[in-house]
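Please read the structure below before turning to the comments.
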Protein chains: 2
Amino acid sequence: MEPYELTSEAAGALIRSGELSPVELIDSVLARIQATEPRVMAFSHLTAEQARDAAIAAEQELASGRYRGPLHGLPLAVKDLYDTAGVPTTASSAVREGNVPSSDAAVVRRLLDAGMIMVGKTFTHEFAYGSFTPPTRNPWDGDHIPGGSSGGSAAAVAAGSCVVALGTDTAGSIRMPASFCGVVGLKPTYGRASKRGVTPLAWSLDHVGPMARNTRDVALVMDAIAGHDPLDSGSVDAPVPDHAAGLASGVDGLRVGVPTNYFFEHVADDVEQAVRAAIVTLQGLGAEVREVVVPHADVLMAAEWGIMLPEASAYHQQSLRDNGDLYGADVRALLEAGELVLATDYIRAQRVRAVIREAWRGMFSDIDVLVTPTVPFAAPRAGEAEVNWGDGTIEAVHDATIRLTSPANVTGVPALTIPVGFSRAGLPLGMQIHGRPFAEATVLRVGYAYEVARGAHAWPTLAD
Amino acid sequence: MEPYELTSEAAGALIRSGELSPVELIDSVLARIQATEPRVMAFSHLTAEQARDAAIAAEQELASGRYRGPLHGLPLAVKDLYDTAGVPTTASSAVREGNVPSSDAAVVRRLLDAGMIMVGKTFTHEFAYGSFTPPTRNPWDGDHIPGGSSGGSAAAVAAGSCVVALGTDTAGSIRMPASFCGVVGLKPTYGRASKRGVTPLAWSLDHVGPMARNTRDVALVMDAIAGHDPLDSGSVDAPVPDHAAGLASGVDGLRVGVPTNYFFEHVADDVEQAVRAAIVTLQGLGAEVREVVVPHADVLMAAEWGIMLPEASAYHQQSLRDNGDLYGADVRALLEAGELVLATDYIRAQRVRAVIREAWRGMFSDIDVLVTPTVPFAAPRAGEAEVNWGDGTIEAVHDATIRLTSPANVTGVPALTIPVGFSRAGLPLGMQIHGRPFAEATVLRVGYAYEVARGAHAWPTLAD
């Protein structure tokens, strides 16, 4: 087994015991990047030299007895939406070409302080406003999209080109590519982790969060990045639990909600089967399965679009005037559409959202987690524009990819995606676990229990 | 002296000692209402019979030894924007004709539970969206407007037709009519008192609050109505101090900010002189006067209008479709204008507001209170549409009346108005005292110190 194949947990333990040097690990990861990048194209910018220097420094630090914790010396990939000091940060847009920030985004800083080593910046769909993330390809099959907007981060984790990657999520941009690429991704509770230094898409729906190979790696990152930031107006000052500590305490007696509406409608057979089989697995571990009706399902996507469109357009308005021709056609069309939304429509969308959020609070009084598919299908082929559901419904891929993830953005609740098997075509499928606000530890515990039961803790080897 | 002339403090003390019966007090107030209503027209609906029954019940309760506190048995007038169980509540609009709620607004309920007795509902400018409140007249001079939108409440307090009245304030609707009518009015911090059961105008700018003859009466009401309401999504769960307890502790050493910009620009001479004289009075009491620059003054009104217009239109949108012809022409025009605002403009107004709020927090690190005029002039004549500032500037009365009060709505800070003298024409003038969020006790303390120094604690007798 090569060092790049190790999870955070395994690599961290070996680094702590001195059996693995950070330099060895980073070199292995950099070699893996060299091997996979020609076909995956996950990275917009590599920081190989700085990473090697940092690995040497970490090695010396560890040798001198200074141990920073379980992330010390581990390789990190950062979505190109996060500011990184001295490293190009362009939101994968020509609009930001040449931009080199002078300071790190808050959560990047936290991870570097925890000892992580950044190996590069990953492609985002331009300004995080889309679901296919050119030029990145799905590591499982290059003819398929990696998803987006955190497509580069998902592909990098799946390809073994980093152990942990940072993503952002406004309508599913962490969870959907994680599902398409067969990795774990967490959108935390709104306000749980700081968004300072991250280019916004739609501020009231935006979240930052981690992507990794398993739930323990995600928990370790949450331990480092969760917490209040007074300089981020969306940040919430709430107690931070130890996310990794209770991971293995099981799901016995936990009430798992399974929706009878919305989340299994217009979902591919193989997706539904994989998720329902995973639910049976959880039931076998002692979880109590309860059917629930998801409230106000008919207005969830109206709220998402009614808020995302104008918030994104407000942020880009001046830039679109000045540099309209530098935007990609798809993003520009969305930004122009958002400028036509009336304030009364936006205000009503925000009020509908308050009603939905309140109703979800009620739903969670009967259940501990809500389990659903993450995306209605496996990763589509590049260029595929529509899905035909066979009952007369034809849905835009763009709409379908975010249909099951957006509810957690509208409500702000934490939602984790974990791999639960493969499609008929051999592409990964994801299951989504929603929890109450600030109950990240609970959704991670459910994910971990499933992983243990499935023996799915190691990195899934890709065909090279 | 007739009982109706007593302040809460005086009447409450006499009721407690048994020297004054609630029945005697209510009868005196009802007689006063009969005498003044033909010329003041403050009440949209009187509840004389219920008030008398309640006074008899209060008398019996007190005789049996059950004393509810300092508001027990005192007469209350309620702006017709508040729901009142079994009592017509129309927001002074034909749109709501015949509406009789089945329950009380939260703060009305709190005051009734504290033993207050409602004598009637007072006129509001239709749906709280205006500043002249027909048909109410200014008790000091019937040719002048009482201000609005809480014009009925201000006029009722000034006329001696109640001891305390409730108002609402979205751009100055408590403070401006209080200033015009020579009474005290407090807009508390956003979220300090529950808005449940009160018809909204613009939810993110709306506040409920008390109007009375002096600051102690206002403090007593705040003690009863301040506090968290989980059923009002705008309500904040913050500790509630005893507002009446520290009132008399003086202003020695208190840092009083006096703005060098905005608040004294385009202000009538007599207003400026009265306010500056009041500041000298505070200085004589030991307050330290500091000049301050009000940040982002140039965008304060843009933020107010950019938020108020579309929020009001969103609330009324369906009703305007169904019953457009039942709205007054002035309110209808504003509601139709608000429907044209783009979402991007509203979102930018909210973002500007966040910047302003943050800057005001910084301003308040150097001062304890900010003292300004409440309105740029005394109550205008009914029908007066414009004010000519003599320097080439002509300003709409509608804009000018809310120009100095709106900043506290945009920022959410508490703001108190107290009478500080009279205009050349003999109409009352007000001074506004702003404080830090949730520092209502401090602004009331400043107001009280001024009142004591001026000997202005009694009800100012009006010519009958």
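Within each chain, counting starts at residue 1; across the structure tokens, chains are named A, B, ... in the order shown, with ligands numbered 1 upward in that order.
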Next item on the list: Up to 12 Å from chain B, what residues of chain A turn up? Count only C-alpha atoms and give them as a ChimeraX atom specification.
Entry: /A:202-204,230-234,306-318,335-352,354-355,357-358
Check: Quick one: DSSP strand (DSSP E) residues in region 292-387 of chain A, as a PyMOL selection string?
Finding: chain A and resi 292+369-373+386-387
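Picture a line from CA of Ala77 (chain A) to CA of Cys181 (chain A); it runs 15.4 Å.
Each of A:Ser17, A:Ser102, A:Asn214, A:Ser8 was checked against Pro88 (chain A) using only C-alpha atoms; the smallest atom-to-atom distance is that of A:Ser102.
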Item checked: Residues within 6 Å of region 184-192 of chain A, only C-alpha atoms, excluding chain neighbours under 6 positions, as a PyMOL selection string -> chain A and resi 174-175+178+209-214+226-227+234-236+412-418+437-438
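The two atoms in question, CA of Gly182 (chain A) and CA of Leu429 (chain A), are spaced 6.6 Å apart.
From CA of Leu326 (chain B) back to CA of Ser92 (chain B), the distance works out to 11.4 Å.
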Margin query: Which residues are near Asp330 (chain A)? Cut-off 12 Å, only C-alpha atoms, ignore same chain within fewer than 5 positions. Put them as a PyMOL selection string.
Written below: chain A and resi 125-133+324-325+335-337+398
Notebook entry, point to check: So which bits of region 127-339 of chain A end up helix (DSSP H, G or I) when you DSSP the backbone, as number ranges by chain?
Noted result: A: 127-128, 151-159, 175-181, 215-225, 247-249, 269-284, 297-326, 329-338
Next item on the list: Between A:Leu81, A:Ile33, A:Val267, A:Ala193, single out the one closest to Thr393 (chain A), counting only C-alpha atoms.
Entry: A:Val267
